[in-house]
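Novice: Sharing start-v1.cif (mmCIF, C-alpha atoms) below.
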data_my_file
loop_
_atom_site.label_atom_id
_atom_site.label_comp_id
_atom_site.auth_asym_id
_atom_site.auth_seq_id
_atom_site.Cartn_x
_atom_site.Cartn_y
_atom_site.Cartn_z
CA MET Y 1 -33.36 -29.83 -11.13
CA ASN Y 2 -33.67 -33.57 -11.50
CA GLY Y 3 -36.10 -34.33 -14.28
CA PRO Y 4 -36.13 -36.64 -17.23
CA LEU Y 5 -33.54 -35.91 -19.90
CA LEU Y 6 -35.31 -34.67 -23.02
CA THR Y 7 -33.80 -35.10 -26.46
CA LEU Y 8 -34.91 -33.71 -29.77
CA VAL Y 9 -36.20 -36.19 -32.29
CA PRO Y 10 -35.29 -35.35 -35.90
CA GLU Y 11 -38.18 -34.57 -38.21
CA GLN Y 12 -39.25 -37.37 -40.51
CA THR Y 13 -38.75 -36.16 -44.08
CA GLY Y 14 -39.99 -39.22 -45.96
CA PRO Y 15 -43.21 -41.16 -45.82
CA VAL Y 16 -43.86 -43.03 -42.62
CA GLU Y 17 -45.63 -46.36 -42.49
CA VAL Y 18 -47.99 -46.67 -39.58
CA TYR Y 19 -48.23 -50.21 -38.30
CA ASP Y 20 -51.59 -51.26 -36.93
CA LEU Y 21 -50.82 -53.12 -33.71
CA GLY Y 22 -54.28 -54.66 -33.86
CA ARG Y 23 -53.46 -56.68 -36.95
CA GLY Y 24 -51.45 -59.83 -36.77
CA PRO Y 25 -47.94 -60.32 -38.08
CA GLU Y 26 -47.34 -60.18 -41.82
CA THR Y 27 -47.75 -63.39 -43.71
CA THR Y 28 -44.95 -64.47 -46.00
CA THR Y 29 -47.03 -63.48 -49.03
CA GLN Y 30 -47.76 -60.04 -47.59
CA ARG Y 31 -44.09 -59.54 -46.80
CA ILE Y 32 -43.06 -60.55 -50.33
CA ARG Y 33 -45.57 -58.13 -51.85
CA ARG Y 34 -44.44 -55.32 -49.56
CA LEU Y 35 -40.78 -55.92 -50.35
CA GLN Y 36 -41.47 -56.11 -54.09
CA ARG Y 37 -43.40 -52.83 -53.90
CA GLU Y 38 -40.51 -51.21 -52.01
CA ALA Y 39 -38.00 -52.55 -54.56
CA ARG Y 40 -40.05 -51.10 -57.45
CA LEU Y 41 -40.21 -47.72 -55.70
CA LEU Y 42 -36.47 -47.73 -55.11
CA ALA Y 43 -35.86 -48.72 -58.74
CA ARG Y 44 -38.08 -45.84 -59.88
CA GLU Y 45 -36.15 -43.38 -57.71
CA GLN Y 46 -32.85 -44.62 -59.11
CA ILE Y 47 -34.05 -44.33 -62.72
CA GLU Y 48 -35.31 -40.80 -62.08
CA ALA Y 49 -31.94 -39.90 -60.54
CA LEU Y 50 -30.14 -41.34 -63.58
CA ALA Y 51 -32.34 -39.26 -65.89
CA ARG Y 52 -31.47 -36.11 -63.90
CA ASP Y 53 -27.77 -37.01 -64.04
CA LEU Y 54 -27.97 -37.45 -67.82
CA GLU Y 55 -29.56 -34.01 -68.13
CA ASP Y 56 -26.77 -32.50 -66.00
CA LEU Y 57 -24.13 -34.23 -68.12
CA ALA Y 58 -25.82 -32.95 -71.29
CA ARG Y 59 -25.61 -29.38 -69.96
CA ARG Y 60 -21.94 -29.82 -69.13
CA ALA Y 61 -21.26 -31.36 -72.55
CA GLY Y 62 -23.00 -28.38 -74.16
CA GLU Y 63 -20.73 -25.99 -72.28
CA ILE Y 64 -17.68 -27.88 -73.49
CA ALA Y 65 -19.00 -28.04 -77.05
CA GLU Y 66 -19.36 -24.26 -77.03
CA GLY Y 67 -16.08 -23.73 -75.20
CA GLY Y 68 -14.16 -22.65 -78.25
CA GLU Y 69 -10.44 -23.10 -78.75
CA ALA Y 70 -9.83 -24.00 -75.11
CA TYR Y 71 -10.94 -27.54 -76.00
CA ALA Y 72 -9.55 -29.79 -78.71
CA VAL Y 73 -11.70 -30.08 -81.84
CA GLY Y 74 -12.40 -33.79 -81.26
CA VAL Y 75 -13.47 -33.13 -77.68
CA ARG Y 76 -15.84 -30.36 -78.77
CA GLU Y 77 -17.38 -32.58 -81.44
CA MET Y 78 -17.89 -35.48 -79.05
CA ALA Y 79 -19.31 -33.14 -76.41
CA SER Y 80 -21.68 -31.71 -79.02
CA ARG Y 81 -22.98 -35.18 -79.86
CA LEU Y 82 -23.37 -36.01 -76.18
CA ALA Y 83 -25.22 -32.75 -75.55
CA THR Y 84 -27.70 -33.82 -78.23
CA GLU Y 85 -28.00 -37.50 -77.35
CA LEU Y 86 -28.10 -37.48 -73.54
CA PRO Y 87 -31.38 -35.54 -73.16
CA GLN Y 88 -32.99 -37.98 -75.59
CA LYS Y 89 -31.71 -40.91 -73.51
CA SER Y 90 -33.04 -39.27 -70.37
CA GLN Y 91 -36.46 -38.71 -71.92
CA GLY Y 92 -36.45 -42.29 -73.20
CA LEU Y 93 -35.79 -43.66 -69.72
CA LEU Y 94 -38.61 -41.59 -68.25
CA ALA Y 95 -40.98 -42.60 -71.06
CA ILE Y 96 -40.28 -46.28 -70.44
CA LEU Y 97 -40.75 -45.72 -66.73
CA SER Y 98 -44.10 -44.01 -67.23
CA ARG Y 99 -45.32 -46.77 -69.57
CA SER Y 100 -44.37 -49.49 -67.12
CA GLY Y 101 -46.88 -47.98 -64.70
CA LYS Y 102 -45.65 -50.07 -61.77
CA ASP Y 103 -45.34 -48.14 -58.51
#
Take the structure in this file and express it as C-alpha cells.

Specialist:
Amino acid sequence: MNGPLLTLVPEQTGPVEVYDLGRGPETTTQRIRRLQREARLLAREQIEALARDLEDLARRAGEIAEGGEAYAVGVREMASRLATELPQKSQGLLAILSRSGKD
C-alpha cells in the first residue's frame, strides 16, 4: 500500500500560543513586552522550584538531625538548624514573589 507516511505528533503539555496570521508582524515594542513577560514567567518558575528544593532539603536535614548516633553531634546540630531555617526561607521567597505580583 503506497500512502502517505503518518507520524505521531507528541501531545503539547504546556500552554500554546496561537498566532493570528491576520495580524501583522510584531513591532519591536510588542516583542520587548512579550519577551519581558516570558522572562518574568520563567523567573517565577525558577523561584518556585527553588522554594520546593529548600523544602526538600529541610526534610532531609530533619532526617539527619533525628538520625541519632549515626551522625556526628555537630552535623546533627547543623542539620537541626537547617531543618528549622530552610522552610522559613522558602516561605519568604514565596511571600516576596506573591507581593511582587508581576506575572

Novice: Quote the spacing between atom CA of Ser90 of chain Y and atom CA of Leu50 of chain Y in Å to one decimal place.

Specialist: 7.7 Å

Novice: Work out how far apart atom CA of Ala39 of chain Y and atom CA of Leu21 of chain Y are and give it in Å to one decimal.

Specialist: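 Atom CA of Leu21 of chain Y lies 24.5 Å from atom CA of Ala39 of chain Y.
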
Novice: For Leu97 of chain Y, please output as a PDB file with C-alpha atoms, in the coordinates of the input all residues within 12 Å (counting all atoms listed in the file; exclusion window: fewer than 2 positions along the same chain).

Specialist:
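Final output, saved to around-v1.pdb:
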ATOM      1  CA  ARG Y  40     -40.050 -51.100 -57.450  1.00  0.00           C
ATOM      2  CA  LEU Y  41     -40.210 -47.720 -55.700  1.00  0.00           C
ATOM      3  CA  ALA Y  43     -35.860 -48.720 -58.740  1.00  0.00           C
ATOM      4  CA  ARG Y  44     -38.080 -45.840 -59.880  1.00  0.00           C
ATOM      5  CA  GLU Y  45     -36.150 -43.380 -57.710  1.00  0.00           C
ATOM      6  CA  GLN Y  46     -32.850 -44.620 -59.110  1.00  0.00           C
ATOM      7  CA  ILE Y  47     -34.050 -44.330 -62.720  1.00  0.00           C
ATOM      8  CA  GLU Y  48     -35.310 -40.800 -62.080  1.00  0.00           C
ATOM      9  CA  LEU Y  50     -30.140 -41.340 -63.580  1.00  0.00           C
ATOM     10  CA  ALA Y  51     -32.340 -39.260 -65.890  1.00  0.00           C
ATOM     11  CA  SER Y  90     -33.040 -39.270 -70.370  1.00  0.00           C
ATOM     12  CA  GLN Y  91     -36.460 -38.710 -71.920  1.00  0.00           C
ATOM     13  CA  GLY Y  92     -36.450 -42.290 -73.200  1.00  0.00           C
ATOM     14  CA  LEU Y  93     -35.790 -43.660 -69.720  1.00  0.00           C
ATOM     15  CA  LEU Y  94     -38.610 -41.590 -68.250  1.00  0.00           C
ATOM     16  CA  ALA Y  95     -40.980 -42.600 -71.060  1.00  0.00           C
ATOM     17  CA  ARG Y  99     -45.320 -46.770 -69.570  1.00  0.00           C
ATOM     18  CA  SER Y 100     -44.370 -49.490 -67.120  1.00  0.00           C
ATOM     19  CA  GLY Y 101     -46.880 -47.980 -64.700  1.00  0.00           C
ATOM     20  CA  LYS Y 102     -45.650 -50.070 -61.770  1.00  0.00           C
ATOM     21  CA  ASP Y 103     -45.340 -48.140 -58.510  1.00  0.00           C
TER      22      ASP Y 103
END

Novice: Rounded to one decimal in Å, what is the spacing between atom CA of Arg76 of chain Y and atom CA of Gly62 of chain Y?

Specialist: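 Answer for the atom CA of Arg76 of chain Y to atom CA of Gly62 of chain Y separation: 8.7 Å.
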
Novice: With only C-alpha atoms as the basis for distance, which of Y:Gly67, Y:Gly24, Y:Pro15, Y:Gly3 is at the shortest distance from Ala79 of chain Y?

Specialist: Y:Gly67

Novice: What do you get, as an NGL selection string, if you spell out every residue that the PyMOL selection byres ((chain Y and resi 59) around 12) selects here?

Specialist: :Y and (52-58 or 60-66 or 79-87)

Novice: Residues as selected, C-alpha atoms, written as a PDB file, keeping the file's coordinate frame, can you do that?

Specialist:
ATOM      1  CA  ARG Y  52     -31.470 -36.110 -63.900  1.00  0.00           C
ATOM      2  CA  ASP Y  53     -27.770 -37.010 -64.040  1.00  0.00           C
ATOM      3  CA  LEU Y  54     -27.970 -37.450 -67.820  1.00  0.00           C
ATOM      4  CA  GLU Y  55     -29.560 -34.010 -68.130  1.00  0.00           C
ATOM      5  CA  ASP Y  56     -26.770 -32.500 -66.000  1.00  0.00           C
ATOM      6  CA  LEU Y  57     -24.130 -34.230 -68.120  1.00  0.00           C
ATOM      7  CA  ALA Y  58     -25.820 -32.950 -71.290  1.00  0.00           C
ATOM      8  CA  ARG Y  60     -21.940 -29.820 -69.130  1.00  0.00           C
ATOM      9  CA  ALA Y  61     -21.260 -31.360 -72.550  1.00  0.00           C
ATOM     10  CA  GLY Y  62     -23.000 -28.380 -74.160  1.00  0.00           C
ATOM     11  CA  GLU Y  63     -20.730 -25.990 -72.280  1.00  0.00           C
ATOM     12  CA  ILE Y  64     -17.680 -27.880 -73.490  1.00  0.00           C
ATOM     13  CA  ALA Y  65     -19.000 -28.040 -77.050  1.00  0.00           C
ATOM     14  CA  GLU Y  66     -19.360 -24.260 -77.030  1.00  0.00           C
ATOM     15  CA  ALA Y  79     -19.310 -33.140 -76.410  1.00  0.00           C
ATOM     16  CA  SER Y  80     -21.680 -31.710 -79.020  1.00  0.00           C
ATOM     17  CA  ARG Y  81     -22.980 -35.180 -79.860  1.00  0.00           C
ATOM     18  CA  LEU Y  82     -23.370 -36.010 -76.180  1.00  0.00           C
ATOM     19  CA  ALA Y  83     -25.220 -32.750 -75.550  1.00  0.00           C
ATOM     20  CA  THR Y  84     -27.700 -33.820 -78.230  1.00  0.00           C
ATOM     21  CA  GLU Y  85     -28.000 -37.500 -77.350  1.00  0.00           C
ATOM     22  CA  LEU Y  86     -28.100 -37.480 -73.540  1.00  0.00           C
ATOM     23  CA  PRO Y  87     -31.380 -35.540 -73.160  1.00  0.00           C
TER      24      PRO Y  87
END
